[in-house]
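Scroll down for the structure; my scribbles are underneath it.
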Amino acid sequence: MTDAPPIIVWFRRDLRLSDHPALSAAVQSGRPLIPVVILDSGNSDPWPPGAAGRWWWHHSLAALARSLATWGAPLLLRRGPEAAVLTELATVTGARAVFCNQVVEPWRQAHDHTISEHLAQGGVGMAFFSGSVLFDPDLMIAGRGRPWTVFGPFWRRCLALPAPNRPLPVPPAPAATLHLASDTLDSWRLVPDRPEGWDSLAATWTPGEADAQGRLTAFLDDHADDYEHGRDRVDRPGTAQLSPCLHWGELSVRQVWHAVSASLDHRPESGPGDASRRAFLRQLGWREFSTHLLHHFPDLPTRPFHARFEAFPTRRDAEDLAAWQHGRTGYPLVDAAMRQMRTTGWMHNRLRMVAASFLVKHLLLPWQDGAAWFWDGLVDADLANNSAGWQWIAGCGTDAAPFFRIFNPVLQGRRFDPDGALVRQYIPELAEVATPQIHEPWRAAGSAAHAARRGYPPPLVDHRLARERALAAFRSLRPEAEAGNI
DNA sequence: TGAAATGTTGGGGCG
DNA sequence: ACGCCCCAACATTTC
């Protein structure tokens with residue numbers, strides 16, 4: 001054995017071996033490695049993963065442990081306050097350094113700062129590597145002074161910057177490894193019980209880096225050329241469905257960026273799929289935008305960006321909230337969306353907009369309640385994306401959809417689920433309803449009776465009335481109304 | 001990354 | 001043949 005002290009590589013939201021700057025740097029040092037994942041028992045995380053997130057986390061950790069074992073450095077699982085776990089590990093092994101990739105979330109960065117100072121007292125250094133975003137949020141506003149709050153200019157600026165670094169390969173395995181006692185993953189009990197179990201998620205997903213890479217490849221082969229339009233169809237797999245992989249870091253955003261833009265860069269003239277590929281990169285841009293926003297505005301998860309929305313006349317109605325949560329609003333597209341999330345842990349992006357709009361505008365319930373439900377139910381639940389998305393749809397965020405932009409669930413259904421295939425998949429009660437009425441089953445006389453027998457509820461609210469009610473609520477917020485000089 | 005209301009236009013039926 | 005009306009189709013405005 002060498003005398004060189006080992007390096008602790010702390011895995012957080014980067015459950016992969018490729019394009020892992022902290023891991024690569026540790027390997028390059030030639031020291032023995034201690035890869036570790038810590039389950040924080042100190043409740044210091046104000047946004048611990050929800051139920052679906054924990055399911056994903058468990059399985060992705062299992063996959064990471066397998067690939068690290070094969071690669072040559074077994075993964076260590078330790079439970080406890082993060083600073084204490086790292087300190088103890090450093091003491092026992094003689095490690096003088098902890099390497100990790102930065103997670104761009106305000107609470108996480110604050111904790112990292114504290115932990116880093118704590119470790120420094122014991123002579124242990126902490127090194128942070130970047131990799132969870134395409135562009136550094138602080139560098140982007142350097143010289144400008146204030147964050148971008150409108151997506152368009154933000155993205156134009158991003159595209160004008162030098163391209164993000166090329167992703168790193170899986171590093172060669174270290175020569176020496178240490179074997180230390182580890183918790184078993186099962187003892188962490190990450191996956192909570194739920195009445196219907198988790199089989200339907202397991203049938204949908206295989207968490208882990210290998211499957212994530214496969215998804216990326218499949219998307220490039222099958223859907224990237226038609227993404228611009230195909231992504232809108234909720235009844236077809238036109239999207240990449242990489243969001244959980246990106247959240248948990250099974251793929252780095254740089255890997256996705258480079259894989260998609262490579263075909264643009266290497267083609268002399270623009271091909272048929274170029275617009276689609278740019279549209280996809282733009283979606284990575286929204287992820288980037290949300291992450292930067294949360295970094296600059298830590299209140300984003302709880303408080304409306306535009307303070308006047310604090311006065312919005314939201315309702316409090318536990319029954320309506322429960323109807324929405326469990327897919328019993330009587331609007332098939334909304335209900336299919338909510339049941340898709342329950343069944344798969346994922347929801348099509350367009351359905352997220354429709355379902356969120358319905359909660360906020362048709363039901364006038366707080367967007368924070370909707371965000372909390374999504375947080376618990378989505379395997380890709382991401383604080384920045386979830387918060388920014390809800391604020392966007394609620395009209396109170398930066399660069400938000402105007403509040404008066406109210407989705408009509410019937411029209412959205414006709415346009416993006418024209419055959420009713422998605423509705424029939426998730427709402428078996430409506431399987432017999434004819435296609436012309438599938439998105440408004442209350443209008444189908446014969447089928448309506450049938451649906452009633454099967455227990456599918458009538459509409460919770462009338463669209464036209466709900467729309468007018470929402471517009472009135474919005475009008476009550478206008479500055480002129482407050483000033484009393486309408 | 002809407003939808004509804006309102007306005008405009010142009011073709012065709014018809015007296 | 002001509003003007004009138006209807007209304008679908010499209011465009012613009014408003015919420």
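Residues are referred to by chain and number: the chain letter is A, B, ... according to the order shown in the structure tokens, the number counts from 1 in that chain, and ligands are numbered separately from 1 in the order shown.
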(request) Pick out the residues sitting within 12 Å of DG7 of chain B, and hand them over as a PyMOL selection string; count only C-alpha atoms (C1' of nucleotides), and ignore anything fewer than 4 positions along from it in its own chain. (result) chain C and resi 10-13
(message) Could you work out which residues of chain A fall inside 12 Å of chain C? Count only C-alpha atoms (C1' of nucleotides), and format the result as a ChimeraX atom specification.
(response) /A:402-406,467-472,474-475
With 9 Å as the cut-off and only C-alpha atoms (C1' of nucleotides) counted, what is the closest atom pair between each nearby residue of chain B and chain A? Distances in Å to one decimal, ordered by chain and number, as JSON lines.
{"residue": "B:DT1", "atom": "C1'", "partner": "A:Arg350", "partner_atom": "CA", "distance": 8.1}
{"residue": "B:DG2", "atom": "C1'", "partner": "A:Arg405", "partner_atom": "CA", "distance": 5.2}
{"residue": "B:DA3", "atom": "C1'", "partner": "A:Ile406", "partner_atom": "CA", "distance": 7.0}
(message) Please compute the atom CA of Ala431 of chain A-atom CA of Ala337 of chain A distance, one decimal, in Å.
(response) 15.8 Å
(request) Fewer than 5 positions away in the same chain doesn't count, so skip those; otherwise give me all residues within 12 Å of Gly42 of chain A, counting only C-alpha atoms (C1' of nucleotides), as a PyMOL selection string. (result) chain A and resi 48+79-85+111
(request) Provide the atom CA of Leu134 of chain A to atom CA of Cys245 of chain A distance in Å, to one decimal place. (result) 15.6 Å
(request) Assign secondary structure with DSSP using the backbone only, and return the residues of segment 1-249 of chain A in strand (DSSP E or B) as a ChimeraX atom specification. (result) /A:7-10,33-39,76-79,97-101,125-129,177
Selection: 9 Å around segment 330-333 of chain A, only C-alpha atoms (C1' of nucleotides), excl. self and same-chain fewer than 3 positions, as a PDB file with N, CA and C atoms, in the first residue's frame:
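What landed in part35.pdb:
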ATOM      1  N   ALA A 323     -59.577  15.879  -5.262  1.00  0.00           N
ATOM      2  CA  ALA A 323     -60.107  15.450  -6.561  1.00  0.00           C
ATOM      3  C   ALA A 323     -59.048  15.633  -7.640  1.00  0.00           C
ATOM      4  N   GLY A 327     -57.006  12.510  -9.709  1.00  0.00           N
ATOM      5  CA  GLY A 327     -57.534  12.340 -11.063  1.00  0.00           C
ATOM      6  C   GLY A 327     -59.034  12.152 -11.096  1.00  0.00           C
ATOM      7  N   ALA A 336     -56.265  12.068 -16.624  1.00  0.00           N
ATOM      8  CA  ALA A 336     -55.280  11.139 -17.196  1.00  0.00           C
ATOM      9  C   ALA A 336     -53.872  11.572 -16.807  1.00  0.00           C
ATOM     10  N   ALA A 337     -53.660  12.889 -16.822  1.00  0.00           N
ATOM     11  CA  ALA A 337     -52.339  13.413 -16.446  1.00  0.00           C
ATOM     12  C   ALA A 337     -51.985  13.015 -15.013  1.00  0.00           C
ATOM     13  N   MET A 338     -52.928  13.245 -14.110  1.00  0.00           N
ATOM     14  CA  MET A 338     -52.644  12.965 -12.700  1.00  0.00           C
ATOM     15  C   MET A 338     -52.461  11.471 -12.462  1.00  0.00           C
ATOM     16  N   LEU A 351     -48.871  17.935 -20.356  1.00  0.00           N
ATOM     17  CA  LEU A 351     -49.877  17.597 -19.351  1.00  0.00           C
ATOM     18  C   LEU A 351     -49.600  18.304 -18.029  1.00  0.00           C
ATOM     19  N   VAL A 354     -51.177  21.615 -18.474  1.00  0.00           N
ATOM     20  CA  VAL A 354     -52.633  21.553 -18.443  1.00  0.00           C
ATOM     21  C   VAL A 354     -53.128  21.290 -17.024  1.00  0.00           C
ATOM     22  N   ALA A 355     -52.521  20.327 -16.364  1.00  0.00           N
ATOM     23  CA  ALA A 355     -52.960  19.957 -15.016  1.00  0.00           C
ATOM     24  C   ALA A 355     -52.680  21.090 -14.024  1.00  0.00           C
ATOM     25  N   PRO A 409     -59.037  22.337 -21.160  1.00  0.00           N
ATOM     26  CA  PRO A 409     -58.639  20.919 -21.181  1.00  0.00           C
ATOM     27  C   PRO A 409     -59.283  20.144 -22.330  1.00  0.00           C
ATOM     28  N   VAL A 410     -60.442  20.582 -22.782  1.00  0.00           N
ATOM     29  CA  VAL A 410     -61.102  19.889 -23.893  1.00  0.00           C
ATOM     30  C   VAL A 410     -60.352  20.146 -25.193  1.00  0.00           C
ATOM     31  N   GLN A 412     -57.243  21.226 -25.540  1.00  0.00           N
ATOM     32  CA  GLN A 412     -55.903  20.649 -25.464  1.00  0.00           C
ATOM     33  C   GLN A 412     -55.965  19.144 -25.735  1.00  0.00           C
ATOM     34  N   GLY A 413     -57.008  18.519 -25.228  1.00  0.00           N
ATOM     35  CA  GLY A 413     -57.181  17.089 -25.455  1.00  0.00           C
ATOM     36  C   GLY A 413     -57.390  16.776 -26.934  1.00  0.00           C
ATOM     37  N   ASP A 417     -54.208  14.850 -27.933  1.00  0.00           N
ATOM     38  CA  ASP A 417     -54.557  13.438 -27.747  1.00  0.00           C
ATOM     39  C   ASP A 417     -55.779  13.164 -28.630  1.00  0.00           C
ATOM     40  N   GLY A 420     -57.812  10.111 -28.239  1.00  0.00           N
ATOM     41  CA  GLY A 420     -58.190   9.770 -26.873  1.00  0.00           C
ATOM     42  C   GLY A 420     -57.421   8.580 -26.324  1.00  0.00           C
ATOM     43  N   LEU A 422     -54.518   8.388 -24.833  1.00  0.00           N
ATOM     44  CA  LEU A 422     -53.965   8.579 -23.488  1.00  0.00           C
ATOM     45  C   LEU A 422     -55.069   8.503 -22.439  1.00  0.00           C
ATOM     46  N   VAL A 423     -56.194   9.133 -22.744  1.00  0.00           N
ATOM     47  CA  VAL A 423     -57.317   9.115 -21.800  1.00  0.00           C
ATOM     48  C   VAL A 423     -57.766   7.676 -21.548  1.00  0.00           C
ATOM     49  N   ARG A 424     -57.903   6.921 -22.619  1.00  0.00           N
ATOM     50  CA  ARG A 424     -58.369   5.538 -22.424  1.00  0.00           C
ATOM     51  C   ARG A 424     -57.346   4.698 -21.679  1.00  0.00           C
ATOM     52  N   ILE A 427     -57.719   6.153 -17.949  1.00  0.00           N
ATOM     53  CA  ILE A 427     -59.057   6.236 -17.372  1.00  0.00           C
ATOM     54  C   ILE A 427     -59.927   5.142 -17.975  1.00  0.00           C
ATOM     55  N   LEU A 430     -63.577   5.383 -19.070  1.00  0.00           N
ATOM     56  CA  LEU A 430     -64.009   6.059 -20.297  1.00  0.00           C
ATOM     57  C   LEU A 430     -63.680   5.258 -21.550  1.00  0.00           C
ATOM     58  N   ILE A 438     -64.588  11.997 -26.247  1.00  0.00           N
ATOM     59  CA  ILE A 438     -63.699  11.433 -25.242  1.00  0.00           C
ATOM     60  C   ILE A 438     -63.161  12.493 -24.279  1.00  0.00           C
ATOM     61  N   HIS A 439     -63.043  13.721 -24.775  1.00  0.00           N
ATOM     62  CA  HIS A 439     -62.502  14.765 -23.893  1.00  0.00           C
ATOM     63  C   HIS A 439     -63.587  15.590 -23.207  1.00  0.00           C
ATOM     64  N   GLU A 440     -64.835  15.270 -23.501  1.00  0.00           N
ATOM     65  CA  GLU A 440     -65.957  15.905 -22.798  1.00  0.00           C
ATOM     66  C   GLU A 440     -67.076  14.882 -22.651  1.00  0.00           C
ATOM     67  N   PRO A 441     -66.824  13.853 -21.869  1.00  0.00           N
ATOM     68  CA  PRO A 441     -67.741  12.705 -21.816  1.00  0.00           C
ATOM     69  C   PRO A 441     -69.129  13.071 -21.303  1.00  0.00           C
ATOM     70  N   TRP A 442     -69.248  14.196 -20.620  1.00  0.00           N
ATOM     71  CA  TRP A 442     -70.559  14.596 -20.123  1.00  0.00           C
ATOM     72  C   TRP A 442     -71.506  14.958 -21.250  1.00  0.00           C
ATOM     73  N   TYR A 456     -67.053   7.449 -13.127  1.00  0.00           N
ATOM     74  CA  TYR A 456     -66.269   8.622 -13.518  1.00  0.00           C
ATOM     75  C   TYR A 456     -67.092   9.875 -13.211  1.00  0.00           C
ATOM     76  N   PRO A 457     -66.479  10.820 -12.506  1.00  0.00           N
ATOM     77  CA  PRO A 457     -67.268  11.958 -12.009  1.00  0.00           C
ATOM     78  C   PRO A 457     -67.622  12.980 -13.090  1.00  0.00           C
ATOM     79  N   PRO A 458     -68.679  13.736 -12.871  1.00  0.00           N
ATOM     80  CA  PRO A 458     -68.971  14.877 -13.749  1.00  0.00           C
ATOM     81  C   PRO A 458     -67.944  15.973 -13.488  1.00  0.00           C
ATOM     82  N   PRO A 459     -67.863  16.956 -14.395  1.00  0.00           N
ATOM     83  CA  PRO A 459     -66.852  18.013 -14.225  1.00  0.00           C
ATOM     84  C   PRO A 459     -66.978  18.711 -12.872  1.00  0.00           C
ATOM     85  N   LEU A 460     -65.856  18.894 -12.239  1.00  0.00           N
ATOM     86  CA  LEU A 460     -65.821  19.535 -10.923  1.00  0.00           C
ATOM     87  C   LEU A 460     -66.262  20.993 -11.021  1.00  0.00           C
ATOM     88  N   VAL A 461     -65.879  21.625 -12.113  1.00  0.00           N
ATOM     89  CA  VAL A 461     -66.300  23.008 -12.379  1.00  0.00           C
ATOM     90  C   VAL A 461     -66.624  23.118 -13.861  1.00  0.00           C
TER      91      VAL A 461
END
